[in-house]
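Here is the file run-v4.cif (mmCIF, C-alpha atoms).
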data_entry
loop_
_atom_site.label_atom_id
_atom_site.label_comp_id
_atom_site.auth_asym_id
_atom_site.auth_seq_id
_atom_site.Cartn_x
_atom_site.Cartn_y
_atom_site.Cartn_z
CA MET A 30 48.92 -33.24 2.44
CA TRP A 31 47.68 -36.85 2.37
CA ASN A 32 49.40 -40.20 2.61
CA THR A 33 48.41 -43.86 2.41
CA ILE A 34 47.57 -46.41 5.10
CA ALA A 35 47.47 -50.03 3.92
CA TRP A 36 46.92 -52.72 6.53
CA ASN A 37 45.80 -56.34 6.24
CA GLY A 38 43.60 -55.96 3.20
CA VAL A 39 42.29 -52.41 3.43
CA SER A 40 43.88 -49.18 2.25
CA PHE A 41 42.93 -45.50 2.11
CA GLN A 42 44.35 -42.01 2.01
CA LYS A 43 44.55 -40.05 5.28
CA PRO A 44 45.57 -36.51 6.28
CA ALA A 45 49.31 -36.36 6.95
CA ASP A 46 48.81 -35.23 10.56
CA TRP A 47 46.69 -38.26 11.43
CA GLU A 48 48.69 -41.10 12.99
CA ILE A 49 47.85 -44.66 13.97
CA ALA A 50 46.85 -44.62 17.63
CA THR A 51 45.69 -48.24 17.92
CA ILE A 52 46.21 -51.16 15.58
CA GLY A 53 44.72 -54.64 15.59
CA HIS A 54 44.50 -57.55 13.19
CA SER A 55 41.44 -56.01 11.48
CA TYR A 56 41.18 -52.67 13.25
CA LEU A 57 42.66 -49.18 13.07
CA MET A 58 42.16 -46.07 15.19
CA LEU A 59 43.66 -42.88 13.80
CA GLY A 60 43.98 -39.48 15.36
CA THR A 61 46.03 -36.37 15.93
CA ARG A 62 48.22 -35.77 18.96
CA PHE A 63 45.19 -34.45 20.81
CA GLU A 64 42.10 -36.49 19.82
CA PRO A 65 40.80 -39.51 17.90
CA ARG A 66 39.56 -38.78 14.40
CA MET A 67 38.70 -42.04 12.66
CA GLU A 68 38.03 -45.68 13.49
CA ILE A 69 37.75 -48.57 11.05
CA SER A 70 37.12 -52.28 11.59
CA TRP A 71 36.49 -55.01 9.04
CA ARG A 72 35.90 -58.72 8.64
CA ASP A 73 35.12 -61.25 5.94
CA ILE A 74 31.71 -62.89 6.17
CA PRO A 75 30.71 -66.30 4.74
CA THR A 76 28.10 -66.65 2.02
CA SER A 77 25.54 -68.02 4.47
CA PHE A 78 26.00 -65.13 6.90
CA SER A 79 23.24 -62.53 7.11
CA GLN A 80 24.52 -59.06 6.30
CA THR A 81 21.47 -57.49 7.95
CA ARG A 82 21.93 -59.45 11.17
CA HIS A 83 25.62 -58.60 11.29
CA GLN A 84 24.84 -54.92 10.75
CA LYS A 85 22.39 -54.93 13.66
CA LYS A 86 25.15 -56.31 15.88
CA LEU A 87 27.46 -53.53 14.73
CA TYR A 88 24.88 -50.88 15.56
CA ALA A 89 24.29 -52.41 19.00
CA ARG A 90 28.03 -52.26 19.63
CA LEU A 91 28.11 -48.64 18.49
CA GLN A 92 25.31 -47.66 20.82
CA HIS A 93 27.13 -49.26 23.74
CA GLN A 94 30.42 -47.61 22.72
CA HIS A 95 29.02 -44.08 22.44
CA ARG A 96 26.31 -44.43 25.13
CA ALA A 97 23.97 -42.57 22.78
CA PRO A 98 21.33 -43.58 20.22
CA VAL A 99 22.54 -44.55 16.76
CA GLN A 100 20.37 -43.00 14.06
CA PRO A 101 20.19 -43.52 10.27
CA TRP A 102 21.81 -40.72 8.31
CA THR A 103 21.33 -39.47 4.76
CA PRO A 104 24.77 -38.40 3.57
CA ALA A 105 25.75 -35.71 1.09
CA SER A 106 25.77 -36.85 -2.53
CA LYS A 107 29.56 -36.72 -2.74
CA LEU A 108 29.79 -39.24 0.10
CA SER A 109 27.38 -41.65 -1.58
CA ALA A 110 29.27 -41.27 -4.86
CA ALA A 111 32.58 -42.04 -3.10
CA VAL A 112 31.40 -45.55 -2.15
CA SER A 113 29.08 -46.29 -5.07
CA ALA A 114 30.77 -49.67 -5.58
CA TYR A 115 29.60 -50.81 -2.12
CA ASP A 116 26.32 -51.56 -0.41
CA ALA A 117 26.48 -48.65 2.06
CA ASN A 118 24.43 -47.93 5.18
CA TRP A 119 24.99 -44.60 6.93
CA PHE A 120 24.60 -43.67 10.57
CA THR A 121 25.21 -40.87 13.03
CA CYS A 122 25.55 -40.79 16.79
CA LYS A 123 25.48 -37.52 18.73
CA SER A 124 26.40 -36.98 22.35
CA SER A 125 26.88 -33.87 24.44
CA ASP A 126 30.53 -33.38 23.48
CA SER A 127 30.99 -35.06 20.09
CA CYS A 128 29.32 -36.08 16.86
CA THR A 129 30.08 -39.30 15.03
CA TYR A 130 29.28 -39.92 11.37
CA GLY A 131 29.92 -43.24 9.76
CA CYS A 132 29.00 -46.00 7.37
CA VAL A 133 28.93 -49.76 7.08
CA LEU A 134 30.25 -50.91 3.70
CA PHE A 135 29.67 -54.35 2.23
CA CYS A 136 31.59 -55.55 -0.82
CA ALA A 137 29.78 -58.31 -2.70
CA SER A 138 32.96 -59.15 -4.61
CA CYS A 139 35.18 -60.07 -1.65
CA ARG A 140 32.37 -60.41 0.94
CA ARG A 141 34.11 -58.04 3.34
CA ILE A 142 32.11 -55.80 5.65
CA SER A 143 33.78 -52.64 6.98
CA MET A 144 32.63 -50.07 9.49
CA ILE A 145 34.13 -46.57 9.28
CA GLN A 146 33.52 -43.87 11.89
CA MET A 147 34.62 -40.24 11.81
CA PHE A 148 34.68 -38.28 15.07
CA LEU A 149 33.81 -34.68 14.27
CA LYS A 150 34.63 -31.76 16.55
CA GLN A 151 35.46 -29.07 14.01
CA ASP A 152 33.53 -27.53 11.14
CA VAL A 153 31.20 -30.26 9.88
CA GLN A 154 31.43 -29.26 6.19
CA TYR A 155 35.24 -29.43 6.30
CA GLU A 156 35.09 -32.82 7.99
CA ILE A 157 32.58 -34.14 5.47
CA SER A 158 34.95 -33.15 2.66
CA SER A 159 37.77 -35.03 4.40
CA MET A 160 35.52 -38.04 4.85
CA ALA A 161 34.59 -37.99 1.15
CA PHE A 162 38.27 -37.99 0.16
CA ILE A 163 39.06 -40.89 2.51
CA LEU A 164 36.10 -42.94 1.29
CA SER A 165 36.87 -42.31 -2.38
CA SER A 166 40.34 -43.79 -1.82
CA PHE A 167 39.11 -46.74 0.26
CA GLN A 168 39.86 -50.26 -1.06
CA ASP A 169 39.07 -53.54 0.69
CA HIS A 170 40.67 -55.98 -1.73
CA PRO A 171 43.59 -55.74 -4.18
CA ALA A 172 43.04 -55.18 -7.88
CA ASP A 173 45.73 -57.77 -8.68
CA ASN A 174 47.30 -60.69 -6.82
CA ARG A 175 49.49 -58.39 -4.72
CA ARG A 176 48.66 -56.82 -1.37
CA TYR A 177 50.19 -53.50 -0.36
CA TRP A 178 51.20 -52.68 3.21
CA SER A 179 51.98 -49.21 4.55
CA VAL A 180 51.96 -48.54 8.30
CA PHE A 181 54.05 -46.23 10.47
CA ASP A 182 57.35 -45.81 8.60
CA ILE A 183 57.45 -49.03 6.52
CA ARG A 184 56.04 -50.04 3.15
CA PHE A 185 56.18 -53.35 1.29
CA ILE A 186 54.28 -55.64 -1.10
CA LEU A 187 53.37 -59.32 -0.66
CA PRO A 188 51.31 -61.77 -2.69
CA SER A 189 47.69 -61.72 -1.55
CA THR A 190 48.02 -65.43 -0.71
CA PHE A 191 50.17 -64.56 2.33
CA ASP A 192 48.20 -64.23 5.57
CA LEU A 193 49.24 -62.11 8.54
CA ARG A 194 49.88 -64.46 11.48
CA SER A 195 51.37 -62.19 14.12
CA TYR A 196 52.81 -58.72 14.55
CA GLN A 197 54.75 -56.64 17.07
CA PHE A 198 55.03 -52.87 17.37
CA THR A 199 57.36 -51.83 20.18
CA ILE A 200 59.86 -49.06 20.74
CA GLY A 201 62.70 -49.70 18.30
CA LEU A 202 61.20 -52.81 16.69
CA ILE A 203 58.49 -53.70 14.20
CA SER A 204 58.00 -57.32 13.14
CA LEU A 205 55.32 -58.83 10.92
CA CYS A 206 54.99 -62.58 10.35
CA PHE A 207 53.21 -64.04 7.32
CA GLN A 208 52.40 -67.52 6.08
CA GLY A 209 51.68 -68.59 2.53
CA ASN A 210 52.87 -70.58 -0.48
CA GLN A 211 54.34 -73.26 1.83
CA GLN A 212 56.74 -70.82 3.44
CA ASP A 213 56.82 -68.33 6.28
CA VAL A 214 58.08 -64.79 5.77
CA THR A 215 58.89 -62.30 8.55
CA LEU A 216 59.76 -58.65 8.04
CA TYR A 217 61.67 -56.65 10.66
CA ARG A 218 62.47 -52.99 11.19
CA TRP A 219 64.85 -51.74 13.90
CA GLY A 220 65.75 -48.19 14.79
CA PRO A 221 67.44 -45.94 15.48
CA ALA A 222 70.31 -47.76 13.81
CA SER A 223 72.90 -45.27 15.07
CA THR A 224 72.15 -46.39 18.62
CA LEU A 225 71.78 -50.11 17.92
CA LEU A 226 75.03 -50.27 15.94
CA SER A 227 77.03 -48.12 18.34
CA GLY A 228 80.29 -49.98 18.99
CA LYS A 229 79.35 -53.01 16.87
CA SER A 230 79.17 -54.07 13.25
CA LEU A 231 76.00 -55.08 11.41
CA SER A 232 77.28 -58.66 11.49
CA GLU A 233 77.63 -58.57 15.28
CA PHE A 234 74.16 -57.07 15.61
CA ALA A 235 72.66 -59.78 13.37
CA VAL A 236 74.28 -62.56 15.37
CA SER A 237 73.07 -61.02 18.66
CA LEU A 238 69.45 -61.30 17.45
CA LYS A 239 69.70 -65.13 17.56
CA ILE A 240 67.33 -65.39 14.62
CA CYS A 241 69.57 -67.50 12.41
CA PRO A 242 70.10 -71.24 13.04
CA GLN A 243 73.59 -72.39 13.95
CA ASN A 244 74.17 -73.98 10.55
CA ALA A 245 73.39 -70.74 8.68
CA ILE A 246 76.20 -69.51 6.46
CA GLU A 247 76.97 -65.78 6.58
CA HIS A 248 77.65 -63.87 3.38
CA ILE A 249 78.76 -60.24 3.79
CA VAL A 250 77.80 -58.38 0.62
CA ASN A 251 79.17 -55.12 2.05
CA PRO A 252 79.39 -53.54 5.54
CA HIS A 253 75.72 -52.50 5.29
CA TRP A 254 74.27 -55.67 3.74
CA ILE A 255 74.49 -59.26 5.00
CA GLU A 256 72.72 -62.49 4.04
CA PHE A 257 72.47 -65.78 5.92
CA ASN A 258 71.51 -69.06 4.26
CA THR A 259 71.26 -72.72 5.09
CA LYS A 260 72.31 -75.17 2.39
CA PRO A 261 69.42 -76.74 0.47
CA VAL A 262 68.57 -80.16 1.87
CA GLN A 263 68.78 -82.86 -0.82
CA LYS A 264 66.26 -85.23 0.74
CA SER A 265 62.72 -86.29 0.06
CA ARG A 266 59.94 -84.18 1.53
CA ILE A 267 58.94 -86.98 3.93
CA VAL A 268 62.50 -87.31 5.23
CA ARG A 269 62.76 -83.52 5.66
CA LEU A 270 59.53 -83.50 7.68
CA LEU A 271 60.72 -86.36 9.87
CA LEU A 272 64.07 -84.68 10.47
CA ARG A 273 62.38 -81.28 10.90
CA ASP A 274 64.85 -79.72 8.46
CA ILE A 275 63.97 -76.16 7.48
CA ASN A 276 65.40 -74.19 4.59
CA PHE A 277 66.30 -70.73 5.83
CA LYS A 278 67.25 -67.36 4.34
CA PHE A 279 67.80 -64.08 6.20
CA TYR A 280 68.55 -60.71 4.64
CA ILE A 281 69.54 -57.76 6.83
CA ARG A 282 70.58 -54.32 5.68
CA HIS A 283 71.49 -51.02 7.32
CA TYR A 284 70.14 -47.88 5.65
CA PRO A 285 72.13 -44.91 7.03
CA GLU A 286 69.95 -42.42 5.12
CA THR A 287 66.87 -43.47 7.12
CA ASN A 288 68.74 -44.52 10.30
CA ARG A 289 67.00 -47.90 10.15
CA ILE A 290 67.84 -51.59 9.85
CA LEU A 291 65.51 -53.66 7.69
CA ALA A 292 65.47 -57.46 7.49
CA VAL A 293 63.48 -60.22 5.83
CA LYS A 294 63.46 -63.86 6.93
CA ALA A 295 62.09 -66.82 4.95
CA GLU A 296 61.62 -70.35 6.27
CA SER A 297 60.23 -73.37 4.45
CA ARG A 298 60.25 -77.16 4.70
CA SER A 299 60.36 -77.19 0.90
CA THR A 300 62.48 -75.12 -1.48
CA ILE A 301 62.40 -71.39 -0.75
CA ASP A 302 61.02 -69.26 -3.56
CA TYR A 303 64.10 -67.09 -4.06
CA ASN A 304 62.49 -65.00 -6.80
CA LEU A 305 59.69 -64.07 -4.41
CA PHE A 306 62.24 -63.34 -1.67
CA GLU A 307 64.10 -60.93 -3.95
CA GLN A 308 60.85 -59.23 -4.93
CA ILE A 309 59.93 -58.68 -1.27
CA ILE A 310 63.34 -57.17 -0.57
CA SER A 311 63.17 -54.86 -3.58
CA HIS A 312 59.83 -53.38 -2.43
CA TYR A 313 60.59 -53.15 1.30
CA GLU A 314 61.41 -49.61 2.35
CA CYS A 315 61.36 -47.16 5.24
CA SER A 316 60.23 -43.55 4.89
CA ILE A 317 61.91 -41.95 7.91
CA THR A 318 65.00 -39.85 7.18
CA GLN A 319 68.00 -38.99 9.34
CA PRO A 320 68.34 -37.89 12.06
CA ASP A 321 66.12 -39.97 14.32
#

Starting from the file, give its structure as structure tokens.
Amino acid sequence: MWNTIAWNGVSFQKPADWEIATIGHSYLMLGTRFEPRMEISWRDIPTSFSQTRHQKKLYARLQHQHRAPVQPWTPASKLSAAVSAYDANWFTCKSSDSCTYGCVLFCASCRRISMIQMFLKQDVQYEISSMAFILSSFQDHPADNRRYWSVFDIRFILPSTFDLRSYQFTIGLISLCFQGNQQDVTLYRWGPASTLLSGKSLSEFAVSLKICPQNAIEHIVNPHWIEFNTKPVQKSRIVRLLLRDINFKFYIRHYPETNRILAVKAESRSTIDYNLFEQIISHYECSITQPD
């Protein structure tokens, strides 16, 4: 069984028993409960930047990481075919207790360079087949103007113009902050909801977060769905900037079937794009089911 990872511009299919072990702004380490299996890092490079020089730096970093020589590698034809849309350079690094196979992929369309490593400790032919499937599903830029996100137990879609500014992954809380189109959007996920809402309503929980400004107006759609809004400010943009007025909208909803609380916050010094806000909400979901 395979499922999708989509994080900050890259996406690919992974085996269902591989989980995210480490996550960074442009970095992922995946593995099983017992060992690391795959590492991927990526970055955008300017037109004037030398791809060859950057690749040499990557190989030097690899050699330091593995404390073993990094050698060129001629991959199986199915691996080359899987990344035929990219300028691919292949490498291998073997030590006494492990064998690493990988590639550096450069996309001329989006000018993104990605390095993918697979840490092999089982049957090499089986691992190569897994690597081919992962690479064939790999994407480093969206086909349309939307960017898909799928990490841990949450999935959502944002316009590709929104940039990831900060993120937090802690026990019970995930938060991701984005900026774009003259407004900031933050997505939250809390769990388990049964514990967080023990002895309190969703409204009381929302107020305890202290996310909403004091002038926000609460609208209870139903016991599991609440919205907070500030009234639109009828002033010129210059006056709003001077007065530091911010238009605000906060949606929070309890999903008993997944034992999670999801929320989306939008802030803007201009008019909030409510159509976009509704689109984000409609595509924001959690895949974990009860009980926690």

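Distances to Val133 of chain A were evaluated for A:Arg175, A:His54, A:Lys85, A:His253 using only C-alpha atoms, and the minimum falls at A:Lys85.
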
Query raised in the report: What is the atom CA of Thr51 of chain A to atom CA of Leu216 of chain A distance in Å?
Result: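 Going from atom CA of Thr51 of chain A over to atom CA of Leu216 of chain A covers 20.1 Å.
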
Query raised in the report: What's the 12 Å shell around Phe234 of chain A, counting only C-alpha atoms, without same-chain residues fewer than 4 positions away, as a list in words?
Result: Trp219, Ala222, Ser223, Thr224, Leu225, Leu226, Ser227, Gly228, Lys229, Ser230, Leu238, Lys239, Ile240, Cys241, Pro252, His253, Trp254, Ile255, Ile281, Arg282, His283, Ile290 and Ala292 of chain A

Contacts of segment 109-114 of chain A at 6 Å (all atoms listed in the file; same-chain gap of 2+ positions) as an mmCIF file with C-alpha atoms, in the frame of the given file:
data_model
loop_
_atom_site.group_PDB
_atom_site.id
_atom_site.type_symbol
_atom_site.label_atom_id
_atom_site.label_comp_id
_atom_site.auth_asym_id
_atom_site.auth_seq_id
_atom_site.Cartn_x
_atom_site.Cartn_y
_atom_site.Cartn_z
ATOM 1 C CA SER A 106 25.770 -36.850 -2.530
ATOM 2 C CA LYS A 107 29.560 -36.720 -2.740
ATOM 3 C CA LEU A 164 36.100 -42.940 1.290
ATOM 4 C CA SER A 165 36.870 -42.310 -2.380
#

Report task. Go ahead and compute the interatomic distance for atom CA of Gln146 of chain A and atom CA of Ser189 of chain A, in Å to one decimal. Result ->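 Atom CA of Gln146 of chain A sits 26.5 Å away from atom CA of Ser189 of chain A.
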
Surrounding residues of Ala172 of chain A excluding itself and chain neighbours under 5 positions, 12 Å, all atoms listed in the file, as a tab-separated table (two decimals) with C-alpha atoms, in the coordinates of the input:
chain	number	residue	atom	x	y	z
A	38	GLY	CA	43.60	-55.96	3.20
A	39	VAL	CA	42.29	-52.41	3.43
A	40	SER	CA	43.88	-49.18	2.25
A	138	SER	CA	32.96	-59.15	-4.61
A	139	CYS	CA	35.18	-60.07	-1.65
A	177	TYR	CA	50.19	-53.50	-0.36
A	188	PRO	CA	51.31	-61.77	-2.69
A	189	SER	CA	47.69	-61.72	-1.55

**Report entry** Residues near Glu307 of chain A, cut-off 10 Å, only C-alpha atoms, skip fewer than 5 positions along chain, as a list in words
**Finding:** Tyr280, Val293, Asp302 and His312 of chain A

**Report entry** Matched chain/residue IDs from the PyMOL selection byres ((chain A and resi 136) around 12), as a list in words
**Finding:**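 What the PyMOL selection byres ((chain A and resi 136) around 12) grabs from the file is Val39, Trp71, Arg72, Asp73, Ile74, Thr76, Gln80, Val112, Ser113, Ala114, Tyr115, Asp116, Ala117, Val133, Leu134, Phe135, Ala137, Ser138, Cys139, Arg140, Arg141, Ile142, Ser143, Met144, Phe167, Gln168, Asp169 and His170 of chain A.
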
Query raised in the report: Quick one: residues within 8 Å of Ser55 of chain A, all atoms listed in the file counted, chain neighbours fewer than 2 positions away excluded, as an MDAnalysis selection string?
Result: chainID A and resid 37 52:53 57 70:72

Please give the centre and size of the box around segment 125-135 of chain A (axis-aligned, containing every atom listed in the file, 3 Å added per side), with values in Å to one decimal and written as AutoDock Vina command-line options.
--center_x 28.9 --center_y -43.9 --center_z 13.3 --size_x 10.1 --size_y 27.0 --size_z 28.2

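If you look at atom CA of Phe148 of chain A and atom CA of Ala97 of chain A, they are 13.9 Å away from each other.
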
To verify the selection step, state as a PDB file with C-alpha atoms, in the coordinates of the input which residues the PyMOL selection byres ((chain A and resi 187) around 10) yields on this input.
ATOM      1  CA  ASN A 174      47.300 -60.690  -6.820  1.00  0.00           C
ATOM      2  CA  ARG A 175      49.490 -58.390  -4.720  1.00  0.00           C
ATOM      3  CA  ARG A 176      48.660 -56.820  -1.370  1.00  0.00           C
ATOM      4  CA  TYR A 177      50.190 -53.500  -0.360  1.00  0.00           C
ATOM      5  CA  TRP A 178      51.200 -52.680   3.210  1.00  0.00           C
ATOM      6  CA  PHE A 185      56.180 -53.350   1.290  1.00  0.00           C
ATOM      7  CA  ILE A 186      54.280 -55.640  -1.100  1.00  0.00           C
ATOM      8  CA  PRO A 188      51.310 -61.770  -2.690  1.00  0.00           C
ATOM      9  CA  SER A 189      47.690 -61.720  -1.550  1.00  0.00           C
ATOM     10  CA  THR A 190      48.020 -65.430  -0.710  1.00  0.00           C
ATOM     11  CA  PHE A 191      50.170 -64.560   2.330  1.00  0.00           C
ATOM     12  CA  ASP A 192      48.200 -64.230   5.570  1.00  0.00           C
ATOM     13  CA  PHE A 207      53.210 -64.040   7.320  1.00  0.00           C
ATOM     14  CA  GLY A 209      51.680 -68.590   2.530  1.00  0.00           C
ATOM     15  CA  VAL A 214      58.080 -64.790   5.770  1.00  0.00           C
ATOM     16  CA  LEU A 305      59.690 -64.070  -4.410  1.00  0.00           C
ATOM     17  CA  PHE A 306      62.240 -63.340  -1.670  1.00  0.00           C
ATOM     18  CA  GLN A 308      60.850 -59.230  -4.930  1.00  0.00           C
ATOM     19  CA  ILE A 309      59.930 -58.680  -1.270  1.00  0.00           C
ATOM     20  CA  HIS A 312      59.830 -53.380  -2.430  1.00  0.00           C
ATOM     21  CA  TYR A 313      60.590 -53.150   1.300  1.00  0.00           C
TER      22      TYR A 313
END

Report task. Rank nothing, just name the residue among A:Thr103, A:Gln42, A:Asn210, A:Thr121 nearest to Ala295 of chain A, using all atoms listed in the file. Result ->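 So, comparing all the options, the nearest one is A:Asn210.
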
**Report entry** Pick from A:Arg184, A:Arg218, A:Arg62, A:Lys43 nearest to Tyr284 of chain A, counting all atoms listed in the file
**Finding:** A:Arg218
